[in-house]
$ cat query17.cif   # mmCIF, C-alpha atoms
data_my_file
#
loop_
_atom_site.label_atom_id
_atom_site.label_comp_id
_atom_site.auth_asym_id
_atom_site.auth_seq_id
_atom_site.Cartn_x
_atom_site.Cartn_y
_atom_site.Cartn_z
CA MET A 278 -8.53 27.70 -2.29
CA PHE A 279 -10.35 29.12 -5.33
CA MET A 280 -11.32 32.43 -6.92
CA ALA A 281 -15.02 33.39 -7.03
CA ASP A 282 -16.48 36.30 -8.99
CA ILE A 283 -19.52 37.57 -7.05
CA ALA A 284 -21.43 40.47 -8.59
CA GLY A 285 -18.31 41.75 -10.35
CA VAL A 286 -16.14 41.51 -7.23
CA ARG A 287 -13.42 38.86 -7.23
CA VAL A 288 -13.13 37.05 -3.92
CA LEU A 289 -10.38 34.58 -3.04
CA TYR A 290 -11.93 31.85 -0.90
CA THR A 291 -9.28 30.55 1.48
CA GLY A 292 -10.96 29.57 4.72
CA ASP A 293 -13.18 27.02 6.31
CA TYR A 294 -16.40 28.47 7.74
CA SER A 295 -17.89 25.15 8.82
CA ARG A 296 -17.85 26.08 12.52
CA GLU A 297 -19.93 29.24 12.07
CA GLU A 298 -23.72 29.19 12.19
CA ASP A 299 -25.54 28.87 8.90
CA CYS A 300 -26.84 32.10 7.42
CA HIS A 301 -29.91 31.73 5.21
CA LEU A 302 -30.46 34.37 2.52
CA CYS A 303 -33.52 35.03 0.43
CA ALA A 304 -33.18 34.34 -3.29
CA ALA A 305 -33.26 38.09 -4.03
CA GLU A 306 -30.24 38.70 -1.77
CA ILE A 307 -28.01 36.13 -3.47
CA PRO A 308 -26.02 37.64 -6.35
CA GLN A 309 -24.98 35.56 -9.34
CA PHE A 310 -21.46 34.26 -9.22
CA SER A 311 -19.16 32.05 -11.25
CA LEU A 312 -16.10 30.06 -10.31
CA TYR A 313 -12.86 29.87 -12.31
CA PHE A 314 -10.53 26.91 -12.00
CA ASN A 315 -7.25 26.61 -13.82
CA SER A 316 -7.21 23.01 -15.01
CA GLU A 317 -3.89 23.18 -16.84
CA LYS A 318 -1.13 21.08 -15.38
CA MET A 319 2.50 21.74 -16.11
CA ALA A 320 5.33 19.34 -15.36
CA LYS A 321 8.99 20.28 -15.56
CA THR A 322 11.65 17.86 -16.68
CA ILE A 323 14.68 18.00 -14.45
CA ARG A 324 18.30 16.87 -14.37
CA ARG A 325 19.02 14.18 -17.01
CA LEU A 326 15.70 14.54 -18.79
CA ALA A 327 16.20 18.31 -19.07
CA GLU A 328 19.60 17.99 -20.78
CA LYS A 329 17.97 17.54 -24.19
CA THR A 330 15.47 20.01 -25.61
CA LEU A 331 12.34 18.23 -26.79
CA GLU A 332 10.60 18.96 -30.06
CA VAL A 333 6.82 19.35 -30.32
CA GLY A 334 5.17 15.94 -30.22
CA GLU A 335 8.27 14.18 -28.89
CA SER A 336 7.69 11.96 -25.87
CA VAL A 337 9.69 11.69 -22.69
CA SER A 338 9.90 8.70 -20.38
CA GLY A 339 10.38 9.08 -16.63
CA PHE A 340 8.65 9.29 -13.26
CA LEU A 341 6.06 11.95 -12.49
CA VAL A 342 6.58 13.25 -8.95
CA LYS A 343 4.01 15.64 -7.42
CA LYS A 344 5.34 17.60 -4.48
CA ALA A 345 3.88 20.79 -2.95
CA PHE A 346 1.59 21.58 -5.94
CA THR A 347 4.43 21.15 -8.47
CA CYS A 348 4.89 18.33 -10.93
CA GLN A 349 8.31 17.14 -12.04
CA ILE A 350 9.31 14.43 -14.49
CA MET A 351 12.62 12.81 -13.69
CA ALA A 352 14.70 9.81 -14.66
CA LEU A 353 14.80 6.81 -12.33
CA ASP A 354 18.46 7.51 -11.50
CA ASP A 355 17.57 11.04 -10.31
CA LEU A 356 14.73 9.96 -8.04
CA HIS A 357 16.81 9.80 -4.86
CA VAL A 358 18.33 13.26 -5.51
CA PHE A 359 15.05 15.19 -5.69
CA SER A 360 12.87 13.22 -3.29
CA GLN A 361 13.07 11.02 -0.24
CA LEU A 362 12.11 8.05 -2.41
CA SER A 363 14.62 5.38 -3.29
CA THR A 364 14.65 2.40 -5.61
CA GLU A 365 15.93 -1.06 -4.80
CA ASN A 366 16.30 -4.32 -6.65
CA ILE A 367 15.11 -7.30 -4.66
CA SER A 368 16.38 -10.78 -5.47
CA GLN A 369 14.18 -13.55 -4.18
CA ARG A 370 14.96 -17.18 -3.52
CA ILE A 371 12.81 -20.06 -2.39
CA THR A 372 13.90 -23.63 -1.69
CA ILE A 373 11.35 -26.37 -2.25
CA ALA A 374 11.53 -29.97 -1.08
CA TYR A 375 11.53 -31.96 -4.33
CA ASN A 376 12.51 -35.62 -4.47
CA GLY A 377 11.63 -36.28 -8.11
CA ALA A 378 13.96 -36.37 -11.09
CA PHE A 379 15.21 -32.95 -12.17
CA GLY A 380 14.82 -33.89 -15.85
CA VAL A 381 11.16 -34.74 -15.30
CA LEU A 382 10.59 -31.34 -13.69
CA LYS A 383 12.23 -29.58 -16.64
CA HIS A 384 10.17 -31.64 -19.11
CA ARG A 385 6.89 -30.85 -17.32
CA LEU A 386 7.70 -27.13 -17.12
CA LYS A 387 8.54 -27.15 -20.86
CA GLN A 388 5.04 -28.48 -21.48
CA ILE A 389 3.52 -25.61 -19.49
CA PHE A 390 5.78 -22.67 -20.36
CA GLU A 391 6.97 -21.62 -23.79
CA SER A 392 10.56 -20.81 -22.90
CA VAL A 393 12.58 -23.22 -20.74
CA GLU A 394 16.30 -23.11 -21.52
CA SER A 395 19.17 -25.01 -19.88
CA LEU A 396 22.04 -23.09 -18.33
CA PRO A 397 25.63 -24.11 -19.03
CA ASP A 398 27.31 -25.90 -16.09
CA GLU A 399 29.98 -23.15 -15.91
CA GLU A 400 27.32 -20.55 -15.18
CA SER A 401 25.68 -22.53 -12.38
CA GLU A 402 27.04 -24.92 -9.76
CA GLY A 403 24.87 -27.79 -10.94
CA PRO A 404 21.97 -28.53 -13.27
CA ALA A 405 19.83 -25.43 -13.77
CA PHE A 406 17.50 -23.83 -16.29
CA HIS A 407 15.74 -20.54 -17.00
CA VAL A 408 11.99 -20.14 -17.30
CA HIS A 409 11.16 -17.17 -19.53
CA GLU A 410 14.57 -15.61 -18.70
CA TRP A 411 13.08 -14.27 -15.46
CA LEU A 412 13.34 -17.29 -13.21
CA THR A 413 16.20 -19.72 -12.58
CA VAL A 414 15.48 -23.21 -11.25
CA LYS A 415 18.55 -24.91 -9.69
CA TYR A 416 19.12 -28.46 -8.54
CA GLU A 417 20.48 -28.12 -4.99
CA SER A 418 20.43 -31.75 -3.80
CA GLU A 419 18.49 -34.99 -4.23
CA LYS A 420 15.76 -33.58 -1.99
CA HIS A 421 15.77 -29.83 -2.79
CA ILE A 422 15.52 -27.40 -5.68
CA SER A 423 15.74 -23.63 -5.48
CA LEU A 424 14.11 -20.88 -7.50
CA HIS A 425 15.83 -17.51 -7.97
CA TRP A 426 14.32 -14.38 -9.51
CA ARG A 427 14.55 -10.61 -9.41
CA SER A 428 11.35 -9.20 -7.98
CA ASP A 429 9.04 -7.36 -10.36
CA PRO A 430 5.39 -7.98 -11.27
CA ILE A 431 6.10 -10.26 -14.24
CA SER A 432 8.82 -12.30 -12.53
CA ASP A 433 6.65 -12.70 -9.44
CA MET A 434 3.78 -13.94 -11.60
CA VAL A 435 6.03 -16.44 -13.41
CA SER A 436 7.57 -17.64 -10.13
CA ASP A 437 4.13 -18.11 -8.54
CA SER A 438 2.96 -20.23 -11.46
CA VAL A 439 6.20 -22.29 -11.47
CA ILE A 440 5.88 -22.92 -7.71
CA ILE A 441 2.27 -24.07 -8.15
CA SER A 442 3.33 -26.28 -11.07
CA ILE A 443 6.11 -27.86 -8.98
CA LEU A 444 3.70 -28.53 -6.13
CA LEU A 445 1.20 -30.13 -8.52
CA ILE A 446 3.99 -32.29 -9.98
CA LEU A 447 4.88 -33.38 -6.44
CA ILE A 448 1.25 -34.28 -5.77
CA LEU A 449 1.14 -36.37 -8.97
CA ILE A 450 4.42 -38.12 -8.07
CA THR A 451 3.24 -39.00 -4.55
CA SER A 452 -0.21 -40.14 -5.72
CA TYR A 453 1.29 -42.70 -8.16
CA CYS A 454 3.75 -44.13 -5.60
#
$ encode --input "query17.cif" --output "structure tokens"
Amino acid sequence: MFMADIAGVRVLYTGDYSREEDCHLCAAEIPQFSLYFNSEKMAKTIRRLAEKTLEVGESVSGFLVKKAFTCQIMALDDLHVFSQLSTENISQRITIAYNGAFGVLKHRLKQIFESVESLPDEESEGPAFHVHEWLTVKYESEKHISLHWRSDPISDMVSDSVIISILLILILITSYC
């Protein structure tokens, strides 16, 4: 839908005339016209973000939701109230067959990643360490280790690279035996 100004007469174009036969006009019969589009977009802050009045130049952080030609900026906690969208936290776990020494694995991962920190035994049920605070590697048994992480793009990337590193370590261990 748009507004057209044809020879001084404003016409609101709302329909689809694609099924009608084409009508060809001579150049002299076609009046000049111009189209006007309103390109301004306005977004309203709602609920928690609307509690505080913003000053000019102050920024707001939230989700932009477009619904029925309206834009609203809302906090993550308000998303389920104003839309059918919901947010979830997904915890992922993978168990890998690993028959090497757990200390060797930790040493090799320290060589690859900047931040590998041991967890206290009270916090975990056995030997464990964090990789970049996003991924936990736990010693489950002599033949298994498990990786635990909360799913987000960065944690998924770190976990993928740790899994590949573990598999490469396993290949090196088996090739030397």
$ resolve_selection --input "query17.cif" --expression "the PyMOL selection byres ((chain A and resi 402) around 12)" --output "ChimeraX atom specification"
/A:396-401,403-406,414-418
$ closest_residue --input "query17.cif" --among "A:Tyr453, A:Thr330, A:Arg370, A:Tyr375" --to "Asp433 (chain A)" --atoms "all atoms listed in the file"
A:Arg370
$ atom_distance --input "query17.cif" --atom1 "CA of Val408 (chain A)" --atom2 "CA of Gln388 (chain A)"
11.6 Å
$ residues_around --input "query17.cif" --residues "Ala352 (chain A)" --least-positions-apart "5" --cutoff "10 Å" --atoms "all atoms listed in the file" --output "PyMOL selection string"
chain A and resi 322-327+337-341
$ write_last_selection --input "query17.cif" --atoms "C-alpha atoms" --output "compact mmCIF listing (two decimals), in the coordinates of the input"
# COMPACT_ATOMS: atom_id res chain seq x y z
CA THR A 322 11.65 17.86 -16.68
CA ILE A 323 14.68 18.00 -14.45
CA ARG A 324 18.30 16.87 -14.37
CA ARG A 325 19.02 14.18 -17.01
CA LEU A 326 15.70 14.54 -18.79
CA ALA A 327 16.20 18.31 -19.07
CA VAL A 337 9.69 11.69 -22.69
CA SER A 338 9.90 8.70 -20.38
CA GLY A 339 10.38 9.08 -16.63
CA PHE A 340 8.65 9.29 -13.26
CA LEU A 341 6.06 11.95 -12.49
$ atom_distance --input "query17.cif" --atom1 "CA of Gly377 (chain A)" --atom2 "CA of Trp426 (chain A)"
22.1 Å
$ residues_near_point --input "query17.cif" --point "(15.7, -15.2, -7.7)" --cutoff "10 Å" --atoms "all atoms listed in the file" --output "ChimeraX atom specification"
/A:367-371,411-414,423-428,432-433,436
